[in-house]
file input.txt (compact mmCIF, C-alpha atoms)
# COMPACT_ATOMS: atom_id res chain seq x y z
CA MET A 1 -4.51 -22.85 57.95
CA GLU A 2 -6.81 -23.53 55.01
CA PRO A 3 -8.44 -26.96 54.81
CA ALA A 4 -6.99 -29.46 52.32
CA ILE A 5 -10.29 -29.68 50.38
CA LYS A 6 -10.28 -25.92 49.69
CA LYS A 7 -6.65 -26.06 48.55
CA SER A 8 -7.41 -28.90 46.15
CA LYS A 9 -10.30 -26.91 44.63
CA MET A 10 -8.06 -23.89 44.12
CA VAL A 11 -5.42 -26.06 42.42
CA ASN A 12 -8.05 -27.63 40.16
CA ASN A 13 -9.42 -24.21 39.18
CA LYS A 14 -5.94 -22.98 38.27
CA PHE A 15 -5.35 -26.12 36.22
CA LYS A 16 -8.62 -25.60 34.36
CA GLN A 17 -7.73 -21.97 33.57
CA ASN A 18 -4.31 -22.96 32.26
CA LYS A 19 -5.81 -25.84 30.32
CA LYS A 20 -8.09 -23.48 28.40
CA LYS A 21 -5.10 -21.54 27.11
CA TYR A 22 -3.60 -24.61 25.47
CA PHE A 23 -6.63 -25.13 23.23
CA GLN A 24 -7.24 -21.59 22.01
CA GLN A 25 -7.99 -21.28 18.32
CA SER A 26 -5.46 -19.47 16.12
CA LYS A 27 -6.46 -15.91 15.24
CA LYS A 28 -4.30 -15.87 12.11
CA GLN A 29 -6.16 -15.43 8.82
CA PHE A 30 -4.91 -16.78 5.51
CA LEU A 31 -5.00 -15.76 1.87
CA GLN A 32 -8.06 -17.16 0.08
CA ALA A 33 -9.64 -17.05 -3.35
CA GLY A 34 -12.16 -14.27 -3.87
CA GLN A 35 -10.32 -11.68 -1.78
CA ARG A 36 -9.01 -8.30 -2.92
CA GLY A 37 -6.55 -5.93 -1.34
CA PHE A 38 -2.90 -4.87 -1.54
CA LEU A 39 0.21 -6.95 -2.14
CA VAL A 40 3.08 -5.40 -0.17
CA THR A 41 6.76 -6.28 -0.33
CA CYS A 42 9.10 -5.36 2.52
CA ASN A 43 12.74 -5.57 3.54
CA MET A 44 12.80 -8.35 6.16
CA ASN A 45 10.94 -6.61 9.03
CA GLU A 46 7.40 -7.88 8.38
CA LYS A 47 5.83 -6.79 11.68
CA ALA A 48 6.92 -3.20 11.22
CA CYS A 49 5.81 -3.36 7.60
CA VAL A 50 2.30 -4.50 8.58
CA ARG A 51 2.07 -1.65 11.08
CA GLU A 52 3.13 0.84 8.40
CA CYS A 53 0.57 -0.63 5.97
CA TYR A 54 -2.25 -0.08 8.45
CA ASN A 55 -1.16 3.50 9.12
CA LEU A 56 -0.66 4.31 5.45
CA LEU A 57 -3.87 2.74 4.16
CA ASN A 58 -6.06 4.09 6.95
CA HIS A 59 -4.61 7.59 6.51
CA TYR A 60 -5.39 7.77 2.79
CA ALA A 61 -8.68 5.87 3.11
CA ASP A 62 -9.87 8.43 5.67
CA GLU A 63 -9.04 11.16 3.16
CA LEU A 64 -11.03 9.47 0.38
CA TYR A 65 -13.90 7.78 2.17
CA GLY A 66 -13.95 9.23 5.66
CA PRO A 67 -13.13 7.48 8.95
CA GLU A 68 -14.08 3.84 9.40
CA ALA A 69 -17.33 3.28 11.32
CA VAL A 70 -17.05 0.13 13.45
CA SER A 71 -20.40 -0.93 14.89
CA ARG A 72 -20.35 -2.55 18.31
CA GLN A 73 -24.09 -3.02 18.67
CA ASP A 74 -23.79 -6.79 18.55
CA THR A 75 -21.11 -6.88 21.21
CA ASP A 76 -23.00 -4.47 23.46
CA ALA A 77 -26.21 -6.50 23.08
CA GLU A 78 -24.45 -9.74 23.92
CA ALA A 79 -22.77 -8.15 26.91
CA ALA A 80 -26.11 -6.82 28.15
CA LYS A 81 -27.76 -10.22 27.81
CA ASP A 82 -24.98 -12.05 29.60
CA GLY A 83 -24.65 -9.38 32.30
CA ASP A 84 -28.30 -9.54 33.47
CA GLY A 85 -27.67 -12.36 35.93
CA GLY A 86 -26.13 -10.70 38.95
CA ASP A 87 -25.41 -13.96 40.78
CA ALA A 88 -23.76 -15.71 37.83
CA ASP A 89 -20.72 -17.83 38.45
CA SER A 90 -17.22 -16.81 37.38
CA ASP A 91 -17.27 -19.43 34.60
CA ASP A 92 -20.38 -17.84 33.09
CA VAL A 93 -18.75 -14.40 33.21
CA ASP A 94 -15.63 -15.73 31.52
CA ALA A 95 -17.75 -17.39 28.83
CA ALA A 96 -19.65 -14.16 28.24
CA VAL A 97 -16.43 -12.15 27.93
CA ALA A 98 -14.96 -14.71 25.55
CA LYS A 99 -18.12 -14.63 23.44
CA CYS A 100 -18.09 -10.84 23.21
CA ARG A 101 -14.43 -10.88 22.32
CA GLN A 102 -15.02 -13.44 19.58
CA ILE A 103 -17.83 -11.37 18.06
CA PHE A 104 -15.70 -8.24 18.18
CA GLU A 105 -12.77 -10.00 16.49
CA GLN A 106 -14.99 -11.38 13.71
CA ARG A 107 -16.25 -7.95 12.66
CA LYS A 108 -15.39 -6.85 9.14
CA LEU A 109 -12.45 -4.49 9.16
CA ARG A 110 -11.61 -2.14 6.32
CA PHE A 111 -8.06 -3.55 6.19
CA GLN A 112 -6.86 -6.89 7.55
CA ASN A 113 -3.50 -8.62 7.24
CA VAL A 114 -3.70 -12.22 6.00
CA ASP A 115 -0.89 -14.77 5.90
CA THR A 116 0.52 -15.50 2.42
CA GLY A 117 2.94 -18.24 3.46
CA THR A 118 5.84 -16.41 1.75
CA THR A 119 8.64 -14.33 3.20
CA ASN A 120 8.72 -10.57 2.69
CA CYS A 121 5.33 -10.65 0.95
CA ILE A 122 2.32 -9.30 2.83
CA PHE A 123 -1.28 -9.20 1.68
CA ILE A 124 -3.66 -6.66 3.23
CA ARG A 125 -7.24 -7.70 2.54
CA THR A 126 -9.73 -4.89 2.11
CA GLN A 127 -13.50 -4.48 2.13
CA LEU A 128 -13.31 -1.61 -0.38
CA GLU A 129 -14.96 -2.23 -3.72
CA ASP A 130 -12.15 -0.67 -5.76
CA PRO A 131 -8.63 -0.92 -4.31
CA LEU A 132 -7.25 0.64 -7.52
CA ALA A 133 -8.68 4.06 -6.63
CA LEU A 134 -6.98 4.06 -3.24
CA GLY A 135 -3.69 2.83 -4.69
CA LYS A 136 -3.75 5.55 -7.35
CA HIS A 137 -4.46 8.21 -4.72
CA ILE A 138 -1.48 7.02 -2.64
CA VAL A 139 1.08 7.07 -5.46
CA GLU A 140 -0.16 10.42 -6.81
CA ASP A 141 0.14 12.02 -3.39
CA ILE A 142 3.63 10.60 -2.81
CA THR A 143 4.71 11.80 -6.27
CA ALA A 144 3.39 15.29 -5.55
CA THR A 145 4.72 15.66 -2.01
CA GLY A 146 7.87 13.51 -2.12
CA LYS A 147 7.02 11.91 1.25
CA ALA A 148 6.57 8.13 1.32
CA MET A 149 5.38 7.97 4.96
CA SER A 150 6.96 4.52 5.17
CA ARG A 151 10.29 3.01 6.05
CA PHE A 152 9.84 -0.72 5.55
CA VAL A 153 7.22 -0.81 2.77
CA LEU A 154 8.83 -1.16 -0.65
CA ARG A 155 6.06 -1.85 -3.16
CA MET A 156 2.30 -1.61 -2.55
CA VAL A 157 0.32 -3.06 -5.49
CA PRO A 158 -3.51 -2.99 -5.48
CA ILE A 159 -4.98 -6.42 -6.29
CA GLU A 160 -8.44 -6.74 -7.82
CA ALA A 161 -8.91 -10.51 -7.66
CA VAL A 162 -7.40 -13.62 -6.06
CA CYS A 163 -7.91 -17.10 -7.51
CA ARG A 164 -6.33 -20.55 -7.44
CA SER A 165 -3.06 -20.90 -9.31
CA ASN A 166 -4.24 -23.17 -12.10
CA MET A 167 -4.78 -22.20 -15.72
CA PRO A 168 -8.62 -22.56 -15.90
CA ASP A 169 -9.20 -20.44 -12.77
CA ILE A 170 -6.70 -17.80 -13.89
CA ILE A 171 -8.32 -17.49 -17.34
CA ASN A 172 -11.85 -17.29 -15.89
CA THR A 173 -10.87 -14.63 -13.34
CA ALA A 174 -8.87 -12.67 -15.91
CA GLY A 175 -11.78 -12.74 -18.35
CA ALA A 176 -14.05 -10.93 -15.88
CA LEU A 177 -11.35 -8.32 -15.22
CA PHE A 178 -10.58 -7.78 -18.90
CA ASP A 179 -14.25 -7.10 -19.65
CA LYS A 180 -13.98 -4.07 -17.39
CA HIS A 181 -10.63 -2.77 -18.69
CA PHE A 182 -10.18 -3.83 -22.34
CA LEU A 183 -13.63 -4.24 -23.83
CA LYS A 184 -14.68 -0.66 -24.63
CA GLU A 185 -11.73 1.29 -26.01
CA PRO A 186 -8.51 0.03 -27.65
CA THR A 187 -5.38 0.67 -25.62
CA THR A 188 -1.79 -0.48 -25.13
CA TYR A 189 -0.95 -3.08 -22.52
CA GLY A 190 1.85 -5.12 -21.03
CA ILE A 191 1.93 -8.24 -18.86
CA ILE A 192 4.13 -8.40 -15.75
CA PHE A 193 4.50 -11.92 -14.31
CA ASN A 194 6.14 -12.93 -11.02
CA HIS A 195 5.98 -16.21 -9.12
CA ARG A 196 7.10 -17.19 -5.63
CA TYR A 197 7.17 -20.70 -4.16
CA ASN A 198 5.42 -22.05 -7.25
CA ASN A 199 7.01 -23.73 -10.27
CA GLN A 200 3.85 -25.19 -11.81
CA ILE A 201 2.73 -21.99 -13.58
CA LYS A 202 5.21 -21.13 -16.31
CA ARG A 203 5.80 -17.61 -17.58
CA ASP A 204 5.48 -18.05 -21.35
CA PRO A 205 2.22 -20.09 -21.44
CA ILE A 206 0.38 -17.75 -19.05
CA ILE A 207 1.51 -14.63 -20.92
CA LYS A 208 0.43 -16.15 -24.25
CA GLU A 209 -3.01 -17.11 -22.92
CA LEU A 210 -3.63 -13.72 -21.34
CA ALA A 211 -2.48 -11.84 -24.46
CA GLU A 212 -4.87 -13.84 -26.64
CA LEU A 213 -7.66 -13.12 -24.16
CA VAL A 214 -6.97 -9.36 -24.27
CA ASN A 215 -6.93 -9.32 -28.07
CA SER A 216 -10.20 -11.23 -28.16
CA LYS A 217 -11.88 -8.48 -26.12
CA ASN A 218 -10.87 -5.76 -28.59
CA MET A 219 -8.79 -6.21 -31.74
CA GLY A 220 -7.41 -2.68 -31.33
CA ASN A 221 -5.45 -3.56 -28.19
CA LYS A 222 -1.71 -3.61 -28.80
CA VAL A 223 1.31 -4.70 -26.78
CA ASP A 224 3.68 -1.96 -25.60
CA LEU A 225 6.27 -3.11 -23.07
CA GLN A 226 7.92 0.31 -22.66
CA ASN A 227 5.00 2.77 -22.34
CA ALA A 228 1.94 0.63 -21.70
CA LYS A 229 -1.16 2.53 -20.60
CA LYS A 230 -2.47 -0.56 -18.79
CA SER A 231 -0.34 -3.19 -17.08
CA ILE A 232 -1.64 -6.67 -16.28
CA VAL A 233 -0.02 -7.69 -12.99
CA VAL A 234 0.13 -11.45 -12.37
CA GLU A 235 1.58 -12.48 -8.98
CA VAL A 236 1.65 -16.19 -8.13
CA LEU A 237 2.12 -16.97 -4.42
CA ARG A 238 2.18 -20.68 -3.64
CA GLY A 239 -1.30 -21.96 -4.54
CA PHE A 240 -2.90 -18.59 -5.34
CA CYS A 241 -2.74 -16.15 -8.23
CA LEU A 242 -3.22 -12.41 -7.67
CA LEU A 243 -4.49 -10.42 -10.66
CA SER A 244 -4.88 -6.72 -11.34
CA VAL A 245 -5.03 -4.29 -14.29
CA ILE A 246 -3.40 -0.98 -13.33
CA ASP A 247 -3.23 2.26 -15.32
CA ASN A 248 0.20 3.92 -15.73
CA TYR A 249 1.88 1.23 -13.67
CA LEU A 250 5.29 1.77 -15.26
CA GLU A 251 5.02 5.55 -15.02
CA PHE A 252 4.52 5.28 -11.25
CA LYS A 253 7.67 3.13 -10.82
CA LYS A 254 5.65 -0.09 -10.46
CA TYR A 255 4.12 1.39 -7.29
CA ASN A 256 7.47 1.42 -5.49
CA LEU A 257 6.87 4.06 -2.83
CA SER A 258 10.52 4.74 -2.00
CA GLU A 259 11.46 5.25 -5.67
CA LEU A 260 8.50 7.59 -6.15
CA ALA A 261 9.55 9.66 -3.15
CA ASN A 262 13.19 9.80 -4.29
CA ALA A 263 12.26 10.77 -7.84
CA SER A 264 9.99 13.59 -6.68
CA GLY A 265 12.62 14.74 -4.17
CA GLN A 266 15.24 14.97 -6.91
CA LYS A 267 12.87 17.00 -9.06
CA THR A 268 12.18 19.47 -6.28
CA SER A 269 15.89 19.83 -5.47
CA ALA A 270 16.72 20.42 -9.13
CA GLU A 271 13.98 23.04 -9.38
CA GLY A 272 15.29 24.70 -6.21
CA GLU A 273 18.83 24.85 -7.61
CA THR A 274 17.65 26.45 -10.85
CA LYS A 275 15.64 29.00 -8.89
CA THR A 276 18.64 29.87 -6.70
CA ASN A 277 20.88 30.21 -9.77
CA GLU A 278 18.34 32.50 -11.42
CA SER A 279 18.04 34.61 -8.29
CA ASP A 280 21.85 34.91 -8.02
CA GLU A 281 22.09 36.06 -11.66
CA GLN A 282 19.32 38.58 -11.10
CA LYS A 283 21.15 39.93 -8.05
CA GLU A 284 24.38 40.34 -10.02
CA ASP A 285 22.56 42.16 -12.83
CA LYS A 286 20.92 44.50 -10.35
CA GLU A 287 24.25 45.23 -8.66
CA SER A 288 25.91 46.04 -11.99
CA GLU A 289 23.02 48.33 -12.95
CA ALA A 290 23.23 50.03 -9.58
CA GLN A 291 26.96 50.64 -10.07
CA ASP A 292 26.34 52.18 -13.51
CA ASP A 293 23.67 54.49 -12.15
CA GLU A 294 25.75 55.80 -9.21
CA PRO A 295 26.37 59.62 -9.28
CA GLU A 296 29.90 60.86 -10.00
CA THR A 297 31.95 62.28 -7.14
CA PRO A 298 33.63 65.76 -7.31
CA ALA A 299 37.10 64.20 -7.54
CA GLU A 300 36.05 62.21 -10.58
CA ASN A 301 34.65 65.39 -12.19
CA THR A 302 37.93 67.25 -11.68
CA THR A 303 40.03 64.43 -13.11
CA LYS A 304 37.81 64.27 -16.18
CA SER A 305 37.99 68.04 -16.70
CA ILE A 306 41.81 67.92 -16.42
CA GLU A 307 41.97 65.13 -19.00
CA THR A 308 39.84 67.12 -21.44
CA VAL A 309 42.03 70.21 -21.00
CA VAL A 310 45.23 68.23 -21.62
CA ALA A 311 43.75 66.67 -24.70
CA ALA A 312 42.79 70.13 -26.07
CA ASN A 313 46.29 71.51 -25.59
call {"tool": "encode", "arguments": {"input": "input.txt", "output": "structure tokens"}}
result
Amino acid sequence: MEPAIKKSKMVNNKFKQNKKKYFQQSKKQFLQAGQRGFLVTCNMNEKACVRECYNLLNHYADELYGPEAVSRQDTDAEAAKDGDGGDADSDDVDAAVAKCRQIFEQRKLRFQNVDTGTTNCIFIRTQLEDPLALGKHIVEDITATGKAMSRFVLRMVPIEAVCRSNMPDIINTAGALFDKHFLKEPTTYGIIFNHRYNNQIKRDPIIKELAELVNSKNMGNKVDLQNAKKSIVVEVLRGFCLLSVIDNYLEFKKYNLSELANASGQKTSAEGETKTNESDEQKEDKESEAQDDEPETPAENTTKSIETVVAAN
């Protein structure tokens, strides 16, 4: 039988361990101004969509930039410092493990899902300087191969800047972007505006302000809603506005991965049918030529000679 004092200590220790779990900080990260990344829409299953986003983005990022190098020097150093004391108590060990885990979780990842506060809309924050290059590489590869590599991801739009959803912040952020895209050479452009869970920003005023800003950068810029070379994507999610200027956005089906895969698949099937039809026609021509070139049999020779004799008589 264990003494009552020892039992009470064990109960208190268990209570302390359970009490720590109630006050753990949330690991969820949220959308903030100044971020850049990819806006992803999905069909209801957000967890599976996030998993597909990580697989898809890491696959193509490894092709472009090489594998991600995650440094664990800080975590190893902290673990070495905290592990020197051989006679440390269990509480000190738990604190050291928690500290190492916190440092490891706070490292900068290449891609990180952040909460947007909207349904079926996911934002993957990135540390890459230019998300447009990666987005272009993804849609070009899917167009060429016809394989989307995704089941739940619908649209994956690269976002260059995130700001607060008020008119002064939107104009200031858009001005910096337009200097990079519309200042040097005249081009055609179109503005695509969407808003979710926000009724303060109206469509017509924001389009008018952005169009005037584009024309002020270069007077040769013209609006073309059907075949725009550059598309200004404006996505308003609650209290944030996501901005991006994307080349050939309409040509690539507004970066809808499933539509790109279906379109390329239909092209390949049509090409395959034409090739099979051509091959069948070639086979028929060869067979007819072969029949014309076949040598005559003796019976055929005799019948022909008989016909000629009858005709002479």
call {"tool": "closest_residue", "arguments": {"input": "input.txt", "among": "A:Asn256, A:Asn166, A:Asn248, A:Ser150", "to": "A:Thr187", "atoms": "all atoms listed in the file"}}
result
A:Asn248
call {"tool": "residues_around", "arguments": {"input": "input.txt", "residues": "A:Ala33", "least_positions_apart": "2", "cutoff": "9 Å", "atoms": "only C-alpha atoms", "output": "PyMOL selection string"}}
result
chain A and resi 31+35-36+161-164+240-241
call {"tool": "atom_distance", "arguments": {"input": "input.txt", "atom1": "atom CA of A:Pro186", "atom2": "atom CA of A:Lys222"}}
result
7.8 Å
call {"tool": "residues_around", "arguments": {"input": "input.txt", "residues": "A:Leu128", "least_positions_apart": "4", "cutoff": "9 Å", "atoms": "all atoms listed in the file", "output": "PyMOL selection string"}}
result
chain A and resi 36-37+110-111+134
call {"tool": "atom_distance", "arguments": {"input": "input.txt", "atom1": "atom CA of A:Met156", "atom2": "atom CA of A:Leu213"}}
result
26.4 Å
call {"tool": "closest_residue", "arguments": {"input": "input.txt", "among": "A:Lys180, A:Lys254, A:Arg238, A:Lys28", "to": "A:Ile192", "atoms": "all atoms listed in the file"}}
result
A:Lys254
call {"tool": "build_atoms", "arguments": {"input": "input.txt", "residues": "stretch 216-227 of chain A", "atoms": "all heavy atoms", "output": "PDB file, in the coordinates of the input"}}
result
ATOM      1  N   SER A 216      -8.843 -10.794 -27.846  1.00  0.00           N
ATOM      2  CA  SER A 216     -10.200 -11.230 -28.160  1.00  0.00           C
ATOM      3  C   SER A 216     -11.252 -10.251 -27.660  1.00  0.00           C
ATOM      4  O   SER A 216     -12.350 -10.168 -28.213  1.00  0.00           O
ATOM      5  CB  SER A 216     -10.455 -12.622 -27.568  1.00  0.00           C
ATOM      6  OG  SER A 216     -10.449 -12.563 -26.147  1.00  0.00           O
ATOM      7  N   LYS A 217     -10.927  -9.482 -26.633  1.00  0.00           N
ATOM      8  CA  LYS A 217     -11.880  -8.480 -26.120  1.00  0.00           C
ATOM      9  C   LYS A 217     -12.001  -7.308 -27.085  1.00  0.00           C
ATOM     10  O   LYS A 217     -13.090  -6.764 -27.281  1.00  0.00           O
ATOM     11  CB  LYS A 217     -11.428  -7.989 -24.747  1.00  0.00           C
ATOM     12  CG  LYS A 217     -11.316  -9.071 -23.678  1.00  0.00           C
ATOM     13  CD  LYS A 217     -12.648  -9.712 -23.404  1.00  0.00           C
ATOM     14  CE  LYS A 217     -12.507 -10.807 -22.335  1.00  0.00           C
ATOM     15  NZ  LYS A 217     -13.805 -11.487 -22.066  1.00  0.00           N
ATOM     16  N   ASN A 218     -10.876  -6.883 -27.657  1.00  0.00           N
ATOM     17  CA  ASN A 218     -10.870  -5.760 -28.590  1.00  0.00           C
ATOM     18  C   ASN A 218      -9.652  -5.918 -29.492  1.00  0.00           C
ATOM     19  O   ASN A 218      -8.523  -5.957 -29.003  1.00  0.00           O
ATOM     20  CB  ASN A 218     -10.832  -4.425 -27.841  1.00  0.00           C
ATOM     21  CG  ASN A 218     -11.137  -3.246 -28.733  1.00  0.00           C
ATOM     22  OD1 ASN A 218     -10.757  -3.206 -29.901  1.00  0.00           O
ATOM     23  ND2 ASN A 218     -11.838  -2.263 -28.191  1.00  0.00           N
ATOM     24  N   MET A 219      -9.885  -5.979 -30.810  1.00  0.00           N
ATOM     25  CA  MET A 219      -8.790  -6.210 -31.740  1.00  0.00           C
ATOM     26  C   MET A 219      -7.843  -5.019 -31.829  1.00  0.00           C
ATOM     27  O   MET A 219      -6.734  -5.136 -32.344  1.00  0.00           O
ATOM     28  CB  MET A 219      -9.351  -6.521 -33.130  1.00  0.00           C
ATOM     29  CG  MET A 219     -10.155  -7.807 -33.187  1.00  0.00           C
ATOM     30  SD  MET A 219      -9.210  -9.261 -32.669  1.00  0.00           S
ATOM     31  CE  MET A 219      -7.967  -9.309 -33.959  1.00  0.00           C
ATOM     32  N   GLY A 220      -8.261  -3.855 -31.300  1.00  0.00           N
ATOM     33  CA  GLY A 220      -7.410  -2.680 -31.330  1.00  0.00           C
ATOM     34  C   GLY A 220      -6.372  -2.632 -30.231  1.00  0.00           C
ATOM     35  O   GLY A 220      -5.488  -1.760 -30.240  1.00  0.00           O
ATOM     36  N   ASN A 221      -6.433  -3.538 -29.276  1.00  0.00           N
ATOM     37  CA  ASN A 221      -5.450  -3.560 -28.190  1.00  0.00           C
ATOM     38  C   ASN A 221      -4.102  -4.025 -28.714  1.00  0.00           C
ATOM     39  O   ASN A 221      -4.002  -5.000 -29.464  1.00  0.00           O
ATOM     40  CB  ASN A 221      -5.924  -4.509 -27.078  1.00  0.00           C
ATOM     41  CG  ASN A 221      -7.197  -4.014 -26.417  1.00  0.00           C
ATOM     42  OD1 ASN A 221      -7.396  -2.818 -26.263  1.00  0.00           O
ATOM     43  ND2 ASN A 221      -8.054  -4.939 -26.016  1.00  0.00           N
ATOM     44  N   LYS A 222      -3.048  -3.306 -28.315  1.00  0.00           N
ATOM     45  CA  LYS A 222      -1.710  -3.610 -28.800  1.00  0.00           C
ATOM     46  C   LYS A 222      -0.729  -3.711 -27.624  1.00  0.00           C
ATOM     47  O   LYS A 222      -0.897  -3.034 -26.611  1.00  0.00           O
ATOM     48  CB  LYS A 222      -1.231  -2.534 -29.783  1.00  0.00           C
ATOM     49  CG  LYS A 222      -2.049  -2.471 -31.053  1.00  0.00           C
ATOM     50  CD  LYS A 222      -1.508  -1.407 -31.993  1.00  0.00           C
ATOM     51  CE  LYS A 222      -2.327  -1.342 -33.281  1.00  0.00           C
ATOM     52  NZ  LYS A 222      -1.810  -0.291 -34.212  1.00  0.00           N
ATOM     53  N   VAL A 223       0.287  -4.514 -27.810  1.00  0.00           N
ATOM     54  CA  VAL A 223       1.310  -4.700 -26.780  1.00  0.00           C
ATOM     55  C   VAL A 223       2.325  -3.564 -26.866  1.00  0.00           C
ATOM     56  O   VAL A 223       2.794  -3.213 -27.948  1.00  0.00           O
ATOM     57  CB  VAL A 223       2.020  -6.058 -26.949  1.00  0.00           C
ATOM     58  CG1 VAL A 223       3.126  -6.207 -25.922  1.00  0.00           C
ATOM     59  CG2 VAL A 223       1.018  -7.195 -26.830  1.00  0.00           C
ATOM     60  N   ASP A 224       2.646  -2.985 -25.700  1.00  0.00           N
ATOM     61  CA  ASP A 224       3.680  -1.960 -25.600  1.00  0.00           C
ATOM     62  C   ASP A 224       4.389  -2.162 -24.260  1.00  0.00           C
ATOM     63  O   ASP A 224       3.871  -1.788 -23.207  1.00  0.00           O
ATOM     64  CB  ASP A 224       3.074  -0.558 -25.686  1.00  0.00           C
ATOM     65  CG  ASP A 224       4.150   0.523 -25.784  1.00  0.00           C
ATOM     66  OD1 ASP A 224       5.340   0.184 -25.657  1.00  0.00           O
ATOM     67  OD2 ASP A 224       3.796   1.698 -25.988  1.00  0.00           O
ATOM     68  N   LEU A 225       5.566  -2.756 -24.299  1.00  0.00           N
ATOM     69  CA  LEU A 225       6.270  -3.110 -23.070  1.00  0.00           C
ATOM     70  C   LEU A 225       6.962  -1.913 -22.426  1.00  0.00           C
ATOM     71  O   LEU A 225       7.299  -1.965 -21.243  1.00  0.00           O
ATOM     72  CB  LEU A 225       7.300  -4.206 -23.352  1.00  0.00           C
ATOM     73  CG  LEU A 225       6.734  -5.515 -23.917  1.00  0.00           C
ATOM     74  CD1 LEU A 225       7.863  -6.499 -24.156  1.00  0.00           C
ATOM     75  CD2 LEU A 225       5.684  -6.102 -22.995  1.00  0.00           C
ATOM     76  N   GLN A 226       7.199  -0.840 -23.184  1.00  0.00           N
ATOM     77  CA  GLN A 226       7.920   0.310 -22.660  1.00  0.00           C
ATOM     78  C   GLN A 226       6.989   1.359 -22.067  1.00  0.00           C
ATOM     79  O   GLN A 226       7.246   1.872 -20.977  1.00  0.00           O
ATOM     80  CB  GLN A 226       8.787   0.932 -23.764  1.00  0.00           C
ATOM     81  CG  GLN A 226       9.813  -0.017 -24.352  1.00  0.00           C
ATOM     82  CD  GLN A 226      10.835  -0.483 -23.325  1.00  0.00           C
ATOM     83  OE1 GLN A 226      11.194   0.257 -22.408  1.00  0.00           O
ATOM     84  NE2 GLN A 226      11.304  -1.713 -23.474  1.00  0.00           N
ATOM     85  N   ASN A 227       5.915   1.695 -22.772  1.00  0.00           N
ATOM     86  CA  ASN A 227       5.000   2.770 -22.340  1.00  0.00           C
ATOM     87  C   ASN A 227       3.557   2.288 -22.371  1.00  0.00           C
ATOM     88  O   ASN A 227       2.702   2.891 -23.036  1.00  0.00           O
ATOM     89  CB  ASN A 227       5.174   4.002 -23.235  1.00  0.00           C
ATOM     90  CG  ASN A 227       6.576   4.566 -23.179  1.00  0.00           C
ATOM     91  OD1 ASN A 227       7.112   4.815 -22.112  1.00  0.00           O
ATOM     92  ND2 ASN A 227       7.187   4.772 -24.348  1.00  0.00           N
TER      93      ASN A 227
END
